[in-house]
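Heads up, final09.cif below (mmCIF, C-alpha atoms, pLDDT in the B column; chains and numbers go by the auth columns):
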data_coords
#
loop_
_atom_site.group_PDB
_atom_site.id
_atom_site.type_symbol
_atom_site.label_atom_id
_atom_site.label_comp_id
_atom_site.label_asym_id
_atom_site.label_seq_id
_atom_site.Cartn_x
_atom_site.Cartn_y
_atom_site.Cartn_z
_atom_site.B_iso_or_equiv
_atom_site.auth_seq_id
_atom_site.auth_asym_id
ATOM 1 C CA MET A 1 -1.709 246.985 228.685 54.00 1052 N
ATOM 2 C CA SER A 2 -5.040 245.864 227.236 87.00 1053 N
ATOM 3 C CA VAL A 3 -4.302 242.153 226.658 95.00 1054 N
ATOM 4 C CA ILE A 4 -2.397 239.777 228.918 97.00 1055 N
ATOM 5 C CA LEU A 5 -1.378 236.123 228.533 97.00 1056 N
ATOM 6 C CA LEU A 6 -0.785 233.902 231.561 97.00 1057 N
ATOM 7 C CA ALA A 7 1.012 230.635 230.810 97.00 1058 N
ATOM 8 C CA ASN A 8 2.615 227.831 232.791 96.00 1059 N
ATOM 9 C CA VAL A 9 5.934 226.630 231.380 97.00 1060 N
ATOM 10 C CA GLY A 10 6.398 222.860 231.079 94.00 1061 N
ATOM 11 C CA ASN A 11 8.711 220.390 229.398 92.00 1062 N
ATOM 12 C CA SER A 12 6.868 220.697 226.063 92.00 1063 N
ATOM 13 C CA ASP A 13 7.326 224.443 225.724 96.00 1064 N
ATOM 14 C CA LEU A 14 10.748 224.462 224.054 96.00 1065 N
ATOM 15 C CA GLU A 15 11.909 222.451 221.069 96.00 1066 N
ATOM 16 C CA ILE A 16 14.956 222.642 218.806 96.00 1067 N
ATOM 17 C CA GLU A 17 14.586 221.465 215.208 95.00 1068 N
ATOM 18 C CA PRO A 18 16.519 219.656 213.961 95.00 1069 N
ATOM 19 C CA LYS A 19 17.200 217.893 217.255 92.00 1070 N
ATOM 20 C CA GLU A 20 20.629 216.846 215.967 93.00 1071 N
ATOM 21 C CA LEU A 21 21.884 220.348 216.801 94.00 1072 N
ATOM 22 C CA LEU A 22 21.657 219.518 220.493 95.00 1073 N
ATOM 23 C CA PRO A 23 24.226 217.483 222.433 92.00 1074 N
ATOM 24 C CA PRO A 24 23.665 213.724 221.943 88.00 1075 N
ATOM 25 C CA LEU A 25 22.773 213.000 225.574 85.00 1076 N
ATOM 26 C CA ARG A 26 19.107 213.134 226.635 88.00 1077 N
ATOM 27 C CA MET A 27 18.475 216.532 228.201 93.00 1078 N
ATOM 28 C CA SER A 28 16.181 217.471 231.069 95.00 1079 N
ATOM 29 C CA SER A 29 14.077 220.635 230.900 96.00 1080 N
ATOM 30 C CA ARG A 30 16.607 222.535 233.011 97.00 1081 N
ATOM 31 C CA SER A 31 19.626 221.390 231.017 97.00 1082 N
ATOM 32 C CA LEU A 32 17.881 222.106 227.697 97.00 1083 N
ATOM 33 C CA GLY A 33 16.996 225.613 228.790 97.00 1084 N
ATOM 34 C CA GLU A 34 20.515 226.265 230.071 97.00 1085 N
ATOM 35 C CA GLU A 35 22.108 224.897 226.885 97.00 1086 N
ATOM 36 C CA VAL A 36 20.000 227.121 224.639 97.00 1087 N
ATOM 37 C CA LEU A 37 20.504 230.186 226.849 97.00 1088 N
ATOM 38 C CA GLN A 38 24.288 229.771 226.893 97.00 1089 N
ATOM 39 C CA ASN A 39 24.444 229.300 223.117 97.00 1090 N
ATOM 40 C CA TYR A 40 21.483 231.385 222.039 97.00 1091 N
ATOM 41 C CA GLY A 41 23.000 232.579 218.776 95.00 1092 N
ATOM 42 C CA LYS A 42 23.583 228.992 217.666 96.00 1093 N
ATOM 43 C CA TYR A 43 19.992 227.912 218.331 97.00 1094 N
ATOM 44 C CA GLU A 44 17.946 231.057 217.686 96.00 1095 N
ATOM 45 C CA ALA A 45 16.858 230.157 214.152 96.00 1096 N
ATOM 46 C CA HIS A 46 15.892 226.644 215.283 97.00 1097 N
ATOM 47 C CA ILE A 47 13.848 227.494 218.386 97.00 1098 N
ATOM 48 C CA GLN A 48 10.225 226.381 218.447 96.00 1099 N
ATOM 49 C CA LEU A 49 7.759 227.408 221.147 96.00 1100 N
ATOM 50 C CA PRO A 50 4.708 225.340 220.182 94.00 1101 N
ATOM 51 C CA LEU A 51 2.470 226.297 223.101 94.00 1102 N
ATOM 52 C CA VAL A 52 3.195 229.951 223.850 96.00 1103 N
ATOM 53 C CA LEU A 53 3.553 231.042 220.222 96.00 1104 N
ATOM 54 C CA SER A 54 0.324 229.294 219.271 95.00 1105 N
ATOM 55 C CA ALA A 55 -1.499 231.130 222.053 95.00 1106 N
ATOM 56 C CA LEU A 56 0.004 234.465 221.020 97.00 1107 N
ATOM 57 C CA GLU A 57 -0.972 233.896 217.393 95.00 1108 N
ATOM 58 C CA TYR A 58 -4.543 233.205 218.521 94.00 1109 N
ATOM 59 C CA ILE A 59 -4.627 236.432 220.529 96.00 1110 N
ATOM 60 C CA VAL A 60 -3.160 238.539 217.723 96.00 1111 N
ATOM 61 C CA LYS A 61 -5.755 237.157 215.324 94.00 1112 N
ATOM 62 C CA HIS A 62 -8.830 237.395 217.539 93.00 1113 N
ATOM 63 C CA GLU A 63 -7.997 240.691 219.247 93.00 1114 N
ATOM 64 C CA ALA A 64 -6.725 242.320 216.027 94.00 1115 N
ATOM 65 C CA ILE A 65 -3.624 243.665 217.764 95.00 1116 N
ATOM 66 C CA SER A 66 0.129 243.508 217.301 95.00 1117 N
ATOM 67 C CA LEU A 67 2.390 241.125 219.195 95.00 1118 N
ATOM 68 C CA ASN A 68 4.092 244.001 221.005 94.00 1119 N
ATOM 69 C CA GLU A 69 0.776 245.027 222.592 95.00 1120 N
ATOM 70 C CA ILE A 70 0.550 241.826 224.666 97.00 1121 N
ATOM 71 C CA GLU A 71 1.911 241.358 228.181 97.00 1122 N
ATOM 72 C CA VAL A 72 3.160 237.828 228.849 98.00 1123 N
ATOM 73 C CA ASN A 73 3.395 236.281 232.321 98.00 1124 N
ATOM 74 C CA LEU A 74 5.222 232.952 232.525 98.00 1125 N
ATOM 75 C CA PHE A 75 4.969 230.634 235.536 98.00 1126 N
ATOM 76 C CA ALA A 76 7.955 228.285 235.803 98.00 1127 N
ATOM 77 C CA SER A 77 9.372 225.914 238.407 97.00 1128 N
ATOM 78 C CA ASP A 78 12.708 226.609 240.095 97.00 1129 N
ATOM 79 C CA GLN A 79 13.051 224.407 243.167 96.00 1130 N
ATOM 80 C CA VAL A 80 15.754 224.924 245.783 94.00 1131 N
ATOM 81 C CA LYS A 81 18.597 222.623 244.769 94.00 1132 N
ATOM 82 C CA ALA A 82 19.870 221.966 248.297 93.00 1133 N
ATOM 83 C CA ILE A 83 16.592 220.376 249.430 94.00 1134 N
ATOM 84 C CA THR A 84 15.300 218.876 246.164 95.00 1135 N
ATOM 85 C CA PRO A 85 16.190 215.458 244.708 95.00 1136 N
ATOM 86 C CA GLU A 86 18.490 215.879 241.712 95.00 1137 N
ATOM 87 C CA SER A 87 16.070 214.124 239.355 94.00 1138 N
ATOM 88 C CA GLU A 88 13.250 216.515 240.298 95.00 1139 N
ATOM 89 C CA TRP A 89 15.413 219.643 240.262 96.00 1140 N
ATOM 90 C CA ALA A 90 16.496 218.747 236.712 96.00 1141 N
ATOM 91 C CA LYS A 91 12.865 218.942 235.566 96.00 1142 N
ATOM 92 C CA ASP A 92 12.530 222.608 236.505 97.00 1143 N
ATOM 93 C CA THR A 93 11.581 224.969 233.701 97.00 1144 N
ATOM 94 C CA ALA A 94 12.885 228.368 234.838 98.00 1145 N
ATOM 95 C CA PRO A 95 15.721 228.311 232.235 98.00 1146 N
ATOM 96 C CA VAL A 96 13.150 227.435 229.555 98.00 1147 N
ATOM 97 C CA ALA A 97 11.126 230.482 230.606 98.00 1148 N
ATOM 98 C CA GLU A 98 14.249 232.613 230.199 98.00 1149 N
ATOM 99 C CA VAL A 99 14.663 231.280 226.650 98.00 1150 N
ATOM 100 C CA ILE A 100 11.026 232.114 225.896 98.00 1151 N
ATOM 101 C CA LYS A 101 11.539 235.636 227.248 98.00 1152 N
ATOM 102 C CA GLN A 102 14.617 236.170 225.088 98.00 1153 N
ATOM 103 C CA TYR A 103 12.859 234.800 222.005 98.00 1154 N
ATOM 104 C CA LEU A 104 9.728 236.934 222.467 98.00 1155 N
ATOM 105 C CA PHE A 105 11.875 240.006 223.040 97.00 1156 N
ATOM 106 C CA LYS A 106 13.608 239.334 219.721 95.00 1157 N
ATOM 107 C CA LYS A 107 10.151 238.999 218.144 95.00 1158 N
ATOM 108 C CA GLY A 108 9.220 242.498 219.290 95.00 1159 N
ATOM 109 C CA ILE A 109 7.632 242.245 222.736 97.00 1160 N
ATOM 110 C CA PRO A 110 9.381 244.711 225.105 96.00 1161 N
ATOM 111 C CA LYS A 111 11.212 242.975 227.952 94.00 1162 N
ATOM 112 C CA LYS A 112 9.224 244.908 230.555 95.00 1163 N
ATOM 113 C CA GLN A 113 6.102 243.174 229.194 96.00 1164 N
ATOM 114 C CA ILE A 114 7.543 239.663 229.649 98.00 1165 N
ATOM 115 C CA LYS A 115 7.512 238.581 233.280 97.00 1166 N
ATOM 116 C CA ILE A 116 8.688 235.327 234.834 98.00 1167 N
ATOM 117 C CA HIS A 117 7.209 234.078 238.115 97.00 1168 N
ATOM 118 C CA LYS A 118 9.168 231.229 239.715 97.00 1169 N
ATOM 119 C CA ILE A 119 7.544 228.542 241.854 95.00 1170 N
ATOM 120 C CA GLU A 120 10.218 227.368 244.289 91.00 1171 N
ATOM 121 C CA GLY A 121 8.365 224.481 245.907 92.00 1172 N
ATOM 122 C CA ASN A 122 7.259 221.219 244.338 95.00 1173 N
ATOM 123 C CA PRO A 123 5.314 222.170 241.149 95.00 1174 N
ATOM 124 C CA ALA A 124 3.456 218.831 241.251 93.00 1175 N
ATOM 125 C CA ASP A 125 2.011 219.550 244.701 94.00 1176 N
ATOM 126 C CA TYR A 126 -1.548 220.883 244.408 90.00 1177 N
ATOM 127 C CA THR A 127 -1.436 222.864 247.641 92.00 1178 N
ATOM 128 C CA ASN A 128 1.828 224.520 246.691 95.00 1179 N
ATOM 129 C CA ALA A 129 0.514 225.331 243.217 93.00 1180 N
ATOM 130 C CA LEU A 130 -2.701 226.707 244.718 92.00 1181 N
ATOM 131 C CA TYR A 131 -0.940 229.197 246.990 95.00 1182 N
ATOM 132 C CA PHE A 132 1.599 230.108 244.317 97.00 1183 N
ATOM 133 C CA HIS A 133 -0.987 230.933 241.640 96.00 1184 N
ATOM 134 C CA ARG A 134 -3.302 232.622 244.136 96.00 1185 N
ATOM 135 C CA ASP A 135 -0.571 235.019 245.237 96.00 1186 N
ATOM 136 C CA ARG A 136 0.979 235.659 241.824 97.00 1187 N
ATOM 137 C CA LEU A 137 -2.313 236.225 240.036 97.00 1188 N
ATOM 138 C CA ALA A 138 -3.386 238.633 242.772 96.00 1189 N
ATOM 139 C CA GLU A 139 -0.197 240.614 242.077 96.00 1190 N
ATOM 140 C CA VAL A 140 -0.913 240.616 238.343 95.00 1191 N
ATOM 141 C CA HIS A 141 -4.504 241.711 238.954 94.00 1192 N
ATOM 142 C CA LYS A 142 -3.398 244.716 241.008 94.00 1193 N
ATOM 143 C CA ASN A 143 -1.313 246.048 238.125 90.00 1194 N
ATOM 144 C CA ILE A 144 -3.779 245.860 235.236 89.00 1195 N
ATOM 145 C CA SER A 145 -6.625 248.118 234.163 87.00 1196 N
ATOM 146 C CA PRO A 146 -10.267 247.002 234.643 84.00 1197 N
ATOM 147 C CA ASN A 147 -10.839 246.472 230.901 87.00 1198 N
ATOM 148 C CA THR A 148 -7.825 244.207 230.366 92.00 1199 N
ATOM 149 C CA ARG A 149 -8.491 241.059 228.331 94.00 1200 N
ATOM 150 C CA VAL A 150 -6.988 238.037 230.137 95.00 1201 N
ATOM 151 C CA TYR A 151 -5.982 234.804 228.402 95.00 1202 N
ATOM 152 C CA LEU A 152 -4.842 231.586 230.092 94.00 1203 N
ATOM 153 C CA GLU A 153 -2.699 229.115 228.146 93.00 1204 N
ATOM 154 C CA VAL A 154 -3.196 225.842 230.016 88.00 1205 N
ATOM 155 C CA SER A 155 -1.346 223.252 227.921 87.00 1206 N
ATOM 156 C CA GLY A 156 2.010 223.511 229.709 90.00 1207 N
ATOM 157 C CA GLY A 157 3.230 222.758 233.226 91.00 1208 N
ATOM 158 C CA THR A 158 2.344 220.022 235.693 91.00 1209 N
ATOM 159 C CA PRO A 159 -1.282 218.910 236.166 88.00 1210 N
ATOM 160 C CA ALA A 160 -1.274 220.759 239.497 90.00 1211 N
ATOM 161 C CA MET A 161 -0.092 223.986 237.876 93.00 1212 N
ATOM 162 C CA THR A 162 -2.662 223.637 235.087 89.00 1213 N
ATOM 163 C CA ALA A 163 -5.530 223.068 237.500 86.00 1214 N
ATOM 164 C CA MET A 164 -4.582 225.944 239.764 88.00 1215 N
ATOM 165 C CA LEU A 165 -3.969 228.399 236.926 91.00 1216 N
ATOM 166 C CA ILE A 166 -7.507 227.706 235.723 87.00 1217 N
ATOM 167 C CA LEU A 167 -9.102 227.828 239.182 85.00 1218 N
ATOM 168 C CA MET A 168 -7.237 230.880 240.424 91.00 1219 N
ATOM 169 C CA GLY A 169 -7.587 232.557 237.032 91.00 1220 N
ATOM 170 C CA VAL A 170 -11.374 232.375 237.344 86.00 1221 N
ATOM 171 C CA GLU A 171 -11.239 233.293 241.041 87.00 1222 N
ATOM 172 C CA THR A 172 -9.093 236.361 240.334 92.00 1223 N
ATOM 173 C CA PHE A 173 -10.302 237.649 236.975 89.00 1224 N
ATOM 174 C CA GLY A 174 -13.878 236.326 236.714 81.00 1225 N
ATOM 175 C CA GLN A 175 -15.888 234.968 233.811 72.00 1226 N
ATOM 176 C CA ASP A 176 -14.216 237.054 231.106 74.00 1227 N
ATOM 177 C CA VAL A 177 -11.033 234.962 231.220 87.00 1228 N
ATOM 178 C CA SER A 178 -10.376 233.168 227.928 90.00 1229 N
ATOM 179 C CA THR A 179 -8.817 229.712 228.276 88.00 1230 N
ATOM 180 C CA LEU A 180 -6.632 228.482 225.407 88.00 1231 N
ATOM 181 C CA TYR A 181 -5.545 224.883 224.885 82.00 1232 N
ATOM 182 C CA LEU A 182 -3.366 223.076 222.362 80.00 1233 N
ATOM 183 C CA ASP A 183 -3.646 219.302 222.125 72.00 1234 N
ATOM 184 C CA ARG A 184 -1.064 216.937 220.649 63.00 1235 N
ATOM 185 C CA SER A 185 -2.923 216.542 217.357 64.00 1236 N
ATOM 186 C CA SER A 186 -3.152 220.264 216.596 69.00 1237 N
ATOM 187 C CA LYS A 187 -0.759 223.096 215.809 74.00 1238 N
ATOM 188 C CA GLU A 188 -3.268 225.838 216.572 79.00 1239 N
ATOM 189 C CA ALA A 189 -4.584 226.860 219.967 80.00 1240 N
ATOM 190 C CA TYR A 190 -8.321 226.883 220.489 68.00 1241 N
ATOM 191 C CA ARG A 191 -10.564 228.298 223.146 76.00 1242 N
ATOM 192 C CA ILE A 192 -12.288 226.090 225.708 70.00 1243 N
ATOM 193 C CA ASP A 193 -15.139 227.237 227.954 69.00 1244 N
ATOM 194 C CA VAL A 194 -13.811 225.833 231.225 63.00 1245 N
ATOM 195 C CA ALA A 195 -13.452 229.270 232.821 59.00 1246 N
ATOM 196 C CA GLN A 196 -17.058 230.185 232.017 59.00 1247 N
ATOM 197 C CA VAL A 197 -18.326 226.851 233.351 57.00 1248 N
ATOM 198 C CA LEU A 198 -16.390 227.246 236.601 54.00 1249 N
ATOM 199 C CA PHE A 199 -17.535 230.840 237.030 53.00 1250 N
ATOM 200 C CA ALA A 200 -21.164 229.803 236.485 57.00 1251 N
ATOM 201 C CA ARG A 201 -20.822 227.063 239.112 56.00 1252 N
ATOM 202 C CA LYS A 202 -19.238 229.477 241.560 52.00 1253 N
ATOM 203 C CA THR A 203 -22.035 231.995 240.966 54.00 1254 N
ATOM 204 C CA ARG A 204 -24.740 229.359 241.536 60.00 1255 N
ATOM 205 C CA GLU A 205 -23.101 228.303 244.807 61.00 1256 N
ATOM 206 C CA ALA A 206 -22.926 231.911 245.987 56.00 1257 N
ATOM 207 C CA LEU A 207 -26.591 232.471 245.152 60.00 1258 N
ATOM 208 C CA ARG A 208 -27.615 229.288 246.972 68.00 1259 N
ATOM 209 C CA ASN A 209 -25.709 230.412 250.059 65.00 1260 N
ATOM 210 C CA GLN A 210 -27.350 233.851 249.963 63.00 1261 N
ATOM 211 C CA ILE A 211 -30.828 232.338 249.544 66.00 1262 N
ATOM 212 C CA HIS A 212 -30.150 229.959 252.454 64.00 1263 N
#
Can the structure from this file be put into structure tokens for me?
Amino acid sequence: MSVILLANVGNSDLEIEPKELLPPLRMSSRSLGEEVLQNYGKYEAHIQLPLVLSALEYIVKHEAISLNEIEVNLFASDQVKAITPESEWAKDTAPVAEVIKQYLFKKGIPKKQIKIHKIEGNPADYTNALYFHRDRLAEVHKNISPNTRVYLEVSGGTPAMTAMLILMGVETFGQDVSTLYLDRSSKEAYRIDVAQVLFARKTREALRNQIH
């Protein structure tokens, strides 16, 4: 696989339009994902994935490749119910990630190229997110070729997950990582140079230490 997308899954990653198709009660991320999964045929034509699809469209355009040539890795929360407050467990996005996987498969990406990594601890905890992304990205890195183009989509997930995807993405893959972002006022993803800036800072620190 020559191009890979790494994306956290948050509560803005799945929308149904028109919203009136959904049950009238306000739905958490987990309940929304479960509802759409259980009734996929009903919702399929109305599914919107504003963050992931925007990132994929950017990659297809700038890499001049087809959608089915991209590997997608999704990082979603799935806390242990028995030890997690109900209100926090309801915010988990693992079912949303499953919807995204099903949708992208229908769009032509082989299922073996769509991988879901579940963070079982608190996704808002920076230490937990650090270890999670460090370990998962190391696994991803072991299974890709040296010339693979790596993209990070950093609009979704908790602030902790966003920060650690960026930091560990640079730590694992180096300066060639492309970081994509989609703000609330735009419908198209755009590239930001945060990975390059962080890599440059890391390189300067390493050089200073060697000189010392």
The PyMOL selection byres ((chain N and resi 1224) around 12) applied to the shown file, residues as a VMD selection string: chain N and resid 1055 1057 1185 1188 to 1193 1195 to 1203 1216 to 1223 1225 to 1230 1246 to 1247 1250
Which neighbours of N:Val1147 fall inside 12 Å, counting all atoms listed in the file, when residues of the same chain fewer than 4 positions from it are skipped, and could you give them as a PyMOL selection string? chain N and resi 1059-1067+1079-1089+1091+1098-1100+1103+1125-1129+1141-1143+1151-1154+1167+1169+1207-1208
Skipping near chain neighbours, those fewer than 5 positions away, what residues fall within 12 Å of N:His1113 using all atoms listed in the file, listed as a VMD selection string? chain N and resid 1054 1106 to 1108 1118 1200 1202 1229 1240 to 1242
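The space separating atom CA of N:Ser1206 from atom CA of N:Ala1115 comes to 23.1 Å.
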Report, in Å to a single decimal, how far apart atom CA of N:Ser1138 and atom CA of N:Glu1068 are.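 One can read the atom CA of N:Glu1068 to atom CA of N:Ser1138 distance as 25.3 Å.
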In Å, rounded to a single decimal, give me how far atom CA of N:Leu1104 is from atom CA of N:Ile1121. 12.0 Å
Return as JSON the centre and edge lengths, in Å with one decimal, of the box along x, y and z that encloses every atom of stretch 1223-1238 of chain N in the file, padded by 3 Å per side.
{"center_x": -8.3, "center_y": 227.1, "center_z": 228.1, "size_x": 21.1, "size_y": 27.1, "size_z": 30.5}
With 12 Å as the threshold, what does the neighbourhood of (8.7, 244.9, 232.1) contain in terms of residues, counting only C-alpha atoms? Coordinates are those of the file; answer as a list in words. Met1052, Ile1121, Glu1122, Val1123, Asn1124, Lys1152, Phe1156, Ile1160, Pro1161, Lys1162, Lys1163, Gln1164, Ile1165, Lys1166, Ile1167 and Asn1194 of chain N
At a cut-off of 9 Å, using all atoms listed in the file, what residues contact N:Ala1180? Leave out same-chain residues fewer than 4 positions from it and give the result as a VMD selection string. chain N and resid 1170 1172 to 1176 1184 to 1185 1211 to 1216
How about saving the chosen residues, C-alpha atoms kept, as a PDB file, in the frame of the given file?
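That gives us part.pdb:
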ATOM      1  CA  ILE N1170       7.544 228.542 241.854  1.00 95.00           C
ATOM      2  CA  GLY N1172       8.365 224.481 245.907  1.00 92.00           C
ATOM      3  CA  ASN N1173       7.259 221.219 244.338  1.00 95.00           C
ATOM      4  CA  PRO N1174       5.314 222.170 241.149  1.00 95.00           C
ATOM      5  CA  ALA N1175       3.456 218.831 241.251  1.00 93.00           C
ATOM      6  CA  ASP N1176       2.011 219.550 244.701  1.00 94.00           C
ATOM      7  CA  HIS N1184      -0.987 230.933 241.640  1.00 96.00           C
ATOM      8  CA  ARG N1185      -3.302 232.622 244.136  1.00 96.00           C
ATOM      9  CA  ALA N1211      -1.274 220.759 239.497  1.00 90.00           C
ATOM     10  CA  MET N1212      -0.092 223.986 237.876  1.00 93.00           C
ATOM     11  CA  THR N1213      -2.662 223.637 235.087  1.00 89.00           C
ATOM     12  CA  ALA N1214      -5.530 223.068 237.500  1.00 86.00           C
ATOM     13  CA  MET N1215      -4.582 225.944 239.764  1.00 88.00           C
ATOM     14  CA  LEU N1216      -3.969 228.399 236.926  1.00 91.00           C
TER      15      LEU N1216
END
When you count all atoms listed in the file, which of these residues is closest to N:Asn1179: N:Leu1155, N:Thr1209, N:Ile1243, N:Glu1071?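 Closest candidate: N:Thr1209.
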